[in-house]
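J.: Sharing a structure, written as structure tokens. Questions coming.
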Amino acid sequence: MKRCLRQLTFLLYALVLRWPTWLLLWFAGRFGIFKTIFLIYPTDRSECLDFCPDIPRLRRFFSGRPTPVGVIMNGWMPVGLYLVIPDQALELMRKKNRPVVHDIIRRLLWIKKLTGAQTIGLAGQLGPIFEKRHGVPMEPPFYASTYGNIFSIQEAVRHLSERLNKRPWQASVAILGGGELGQQLEDHLSRDGYNLKMVNVRYTRRGDVKLADETEADRQLQDVDLVINLLPRGIDFMACRLHERMPESATIIDFSRPQIPADGINQNVVMGNRVQRRGIHFFMKLPGGWQRHELPACSMPCLLASLTGQTPNNLEEFRMIAGQMAFQTALAGAPPSLPAVIRFRLRNYAGEIGILAHFAVFILRNRLLATTR
């Protein structure tokens with residue numbers, strides 16, 4: 001029922017009220033409300049159904065047409081707009097769909113101008129696909145997901161290591177696959193002092209994933225604490241039987257989409273692509289089981305650039321700015337609400353005022369005793 005209502009709402013403003021919707025966004029943009037726009041895509045057909053009925057003619061109409069589905073809120077104030085396309089990453093990777101990619105870029109630039117936004121964020125694999133397969137440079141106003149993804153995984157590893165009460169050099173961390181992202185993670189996590197192991201995989205012509213050396217993988221995973229899964233899909237992890245090669249006490253930081261089915265394995269599975277900052281959330285809520293306070297890590301580069309006006313030149317600068325803006329891993333739990341923060345601060349202030357009052361009474365009493373002698 002909830003999905004049907006969402007589909008009906010989407011079709012109402014995306015088809016029937018399409019031009020009034022664009023006019024409303026243009027009007028809101030004249031007041032400088034929107035700082036960024038962020039493009040998402042479905043990983044499978046079920047995520048498509050969260051927005052639109054599975055009708056071929058509708059999919060063809062919305063293909064290559066970024067359509068507004070919600071806003072990015074900072075407290076009660078909208079700061080961004082997020083849009084969706086029905087095209088999946090593997091479809092956009094094909095050369096025959098290059099015209100679709102260029103249509104997406106052209107329309108994103110038009111929406112940016114219409115709404116007055118400053119930055120354009122691309123979710124997940126869209127940035128690398130657009131740049132490396134179709135020659136679209138990832139330069140402002142476009143922001144790919146790489147820095148946000150690395151920041152999110154680094155923060156997740158740090159948080160889980162602290163929960164295990166282990167220093168970085170005491171924590172054993174394995175990285176499964178990952179290509180370029182895996183290489184960058186290996187570089188940055190090794191600088192942080194973690195004991196790293198790279199589990200290599202190979203890809204078949206059919207797109208399946210196989211371990212490069214099963215015996216070596218067994219040796220690497222036998223005593224691991226944390227496992228970063230960078231394989232494309234959760235079913236790839238299960239097909240390689242990786243959960244059978246690692247201890248049940250290990251925690252898996254999953255970055256695949258669709259994700260690893262957590263109910264099918266004994267290890268603890270957490271999502272590594274989710275961050276948070278108090279006050280910022282997506283409305284309507286993102287499809288795929290996202291909580292209200294969780295933000296996709298791939299949205300961080302465009303959000304930081306739009307909120308601070310700064311474009312970091314490297315990951316160290318990005319981490320510094322993200323820390324200043326109080327971004328952290330979503331594994332830390334939902335941030336406290338504003339009323340709870342206010343109550344906590346008032347309680348602290350009351351305690352400090354009480355100490356100062358006792359100190360003032362003590363000083364006055366000593367002075368009165370000194371004058372009466």
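Note on naming: chains are A, B, ... as they come in the structure tokens, residues start from 1 per chain, ligands start from 1 in the order shown.
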Write out as a list in words which residues come within 8 Å of Pro168 (chain A) when counting only C-alpha atoms, dropping same-chain ones fewer than 3 positions away.

T.: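 Here the answer would be Arg158, Ser161, Ala171, Asp192, Gly193, Tyr194 and Asn195 of chain A.
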
J.: For region 5-8 of chain A, please output as a ChimeraX atom specification all residues within 7 Å (counting only C-alpha atoms; exclusion window: fewer than 2 positions along the same chain).

T.: /A:1-3,10-12,50-53

J.: Take the residues from that selection and put them in a file with C-alpha atoms, as a PDB file, in the first residue's frame.

T.:
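Below you can see selection08.pdb, which holds the result:
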```pdb
ATOM      1  CA  MET A   1       0.000   0.000   0.000  1.00  0.00           C
ATOM      2  CA  LYS A   2       2.797   2.402   0.943  1.00  0.00           C
ATOM      3  CA  ARG A   3       4.686   1.650  -2.286  1.00  0.00           C
ATOM      4  CA  PHE A  10       5.553  10.240  -8.205  1.00  0.00           C
ATOM      5  CA  LEU A  11       3.476   9.863 -11.378  1.00  0.00           C
ATOM      6  CA  LEU A  12       1.223  12.760 -10.362  1.00  0.00           C
ATOM      7  CA  ASP A  50       9.805   2.310  -4.973  1.00  0.00           C
ATOM      8  CA  PHE A  51       9.179   5.263  -7.276  1.00  0.00           C
ATOM      9  CA  CYS A  52       7.533   4.161 -10.504  1.00  0.00           C
ATOM     10  CA  PRO A  53       5.377   1.224 -11.710  1.00  0.00           C
TER      11      PRO A  53
END
```

J.: Would you mind reading off the distance between CA of Phe142 (chain A) and CA of Arg319 (chain A), one decimal, in Å?

T.: 19.1 Å

J.: With a distance cut-off of 10 Å and only C-alpha atoms, select the neighbouring residues of Trp26 (chain A), excluding the residue or stretch itself and same-chain residues fewer than 2 positions from it, and output the selection as a list in words.

T.: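 Counting only C-alpha atoms, the residues come to Pro20, Thr21, Trp22, Leu23, Leu24, Ala28, Gly29, Arg30, Phe31, Phe34, Ile111, Lys112, Lys113, Leu114, Thr115 and Gly116 of chain A.
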
J.: DSSP on the backbone: which residues in region 174-354 of chain A end up as strand (DSSP E)? Give the answer as number ranges by chain.

T.: A: 174-176, 195-199, 201-203, 209-211, 226-229, 251-254, 268-271, 274-276, 280-283, 295-296, 328-329

J.: Pull C-alpha atoms from the residues just selected and write them as a PDB file, in the first residue's frame.

T.:
```pdb
ATOM      1  CA  ALA A 174      40.907  -7.409   4.921  1.00  0.00           C
ATOM      2  CA  ILE A 175      39.795  -5.670   1.707  1.00  0.00           C
ATOM      3  CA  LEU A 176      37.860  -7.808  -0.775  1.00  0.00           C
ATOM      4  CA  ASN A 195      47.230  -4.233   9.519  1.00  0.00           C
ATOM      5  CA  LEU A 196      45.872  -4.723   5.981  1.00  0.00           C
ATOM      6  CA  LYS A 197      45.324  -7.756   3.768  1.00  0.00           C
ATOM      7  CA  MET A 198      44.213  -7.545   0.119  1.00  0.00           C
ATOM      8  CA  VAL A 199      42.066 -10.489  -1.046  1.00  0.00           C
ATOM      9  CA  VAL A 201      39.512 -11.569  -7.134  1.00  0.00           C
ATOM     10  CA  ARG A 202      39.037 -11.994 -10.876  1.00  0.00           C
ATOM     11  CA  TYR A 203      36.025 -11.338 -13.088  1.00  0.00           C
ATOM     12  CA  VAL A 209      33.440 -13.016  -9.451  1.00  0.00           C
ATOM     13  CA  LYS A 210      36.000 -15.687  -8.539  1.00  0.00           C
ATOM     14  CA  LEU A 211      38.787 -15.688  -5.949  1.00  0.00           C
ATOM     15  CA  LEU A 226      37.162  -6.481   9.979  1.00  0.00           C
ATOM     16  CA  VAL A 227      36.354  -7.248   6.326  1.00  0.00           C
ATOM     17  CA  ILE A 228      35.637  -4.474   3.800  1.00  0.00           C
ATOM     18  CA  ASN A 229      33.519  -5.952   1.018  1.00  0.00           C
ATOM     19  CA  THR A 251      32.483  -7.791  11.222  1.00  0.00           C
ATOM     20  CA  ILE A 252      31.786  -7.219   7.517  1.00  0.00           C
ATOM     21  CA  ILE A 253      31.653  -3.616   6.288  1.00  0.00           C
ATOM     22  CA  ASP A 254      29.508  -4.078   3.205  1.00  0.00           C
ATOM     23  CA  ASN A 268      27.817  -9.152  11.815  1.00  0.00           C
ATOM     24  CA  VAL A 269      27.153  -7.141   8.636  1.00  0.00           C
ATOM     25  CA  VAL A 270      27.095  -3.333   8.681  1.00  0.00           C
ATOM     26  CA  MET A 271      26.749  -0.869   5.815  1.00  0.00           C
ATOM     27  CA  ARG A 274      26.320   5.590   5.262  1.00  0.00           C
ATOM     28  CA  VAL A 275      27.287   8.732   7.151  1.00  0.00           C
ATOM     29  CA  GLN A 276      25.376  11.239   9.239  1.00  0.00           C
ATOM     30  CA  ILE A 280      20.678  16.820   7.542  1.00  0.00           C
ATOM     31  CA  HIS A 281      18.365  14.176   6.097  1.00  0.00           C
ATOM     32  CA  PHE A 282      16.671  13.153   2.846  1.00  0.00           C
ATOM     33  CA  PHE A 283      12.953  13.725   2.456  1.00  0.00           C
ATOM     34  CA  LEU A 295      23.092   9.929   4.374  1.00  0.00           C
ATOM     35  CA  PRO A 296      24.729   8.206   1.388  1.00  0.00           C
ATOM     36  CA  GLN A 328      30.662  10.937  11.063  1.00  0.00           C
ATOM     37  CA  THR A 329      29.866   7.300  10.358  1.00  0.00           C
TER      38      THR A 329
END
```

J.: Taking only C-alpha atoms into account, which of A:Ser256, A:Arg163, A:Asp103, A:His358 comes nearest Val136 (chain A)?

T.: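 Of all the options, A:Asp103 lies closest to Val136 (chain A).
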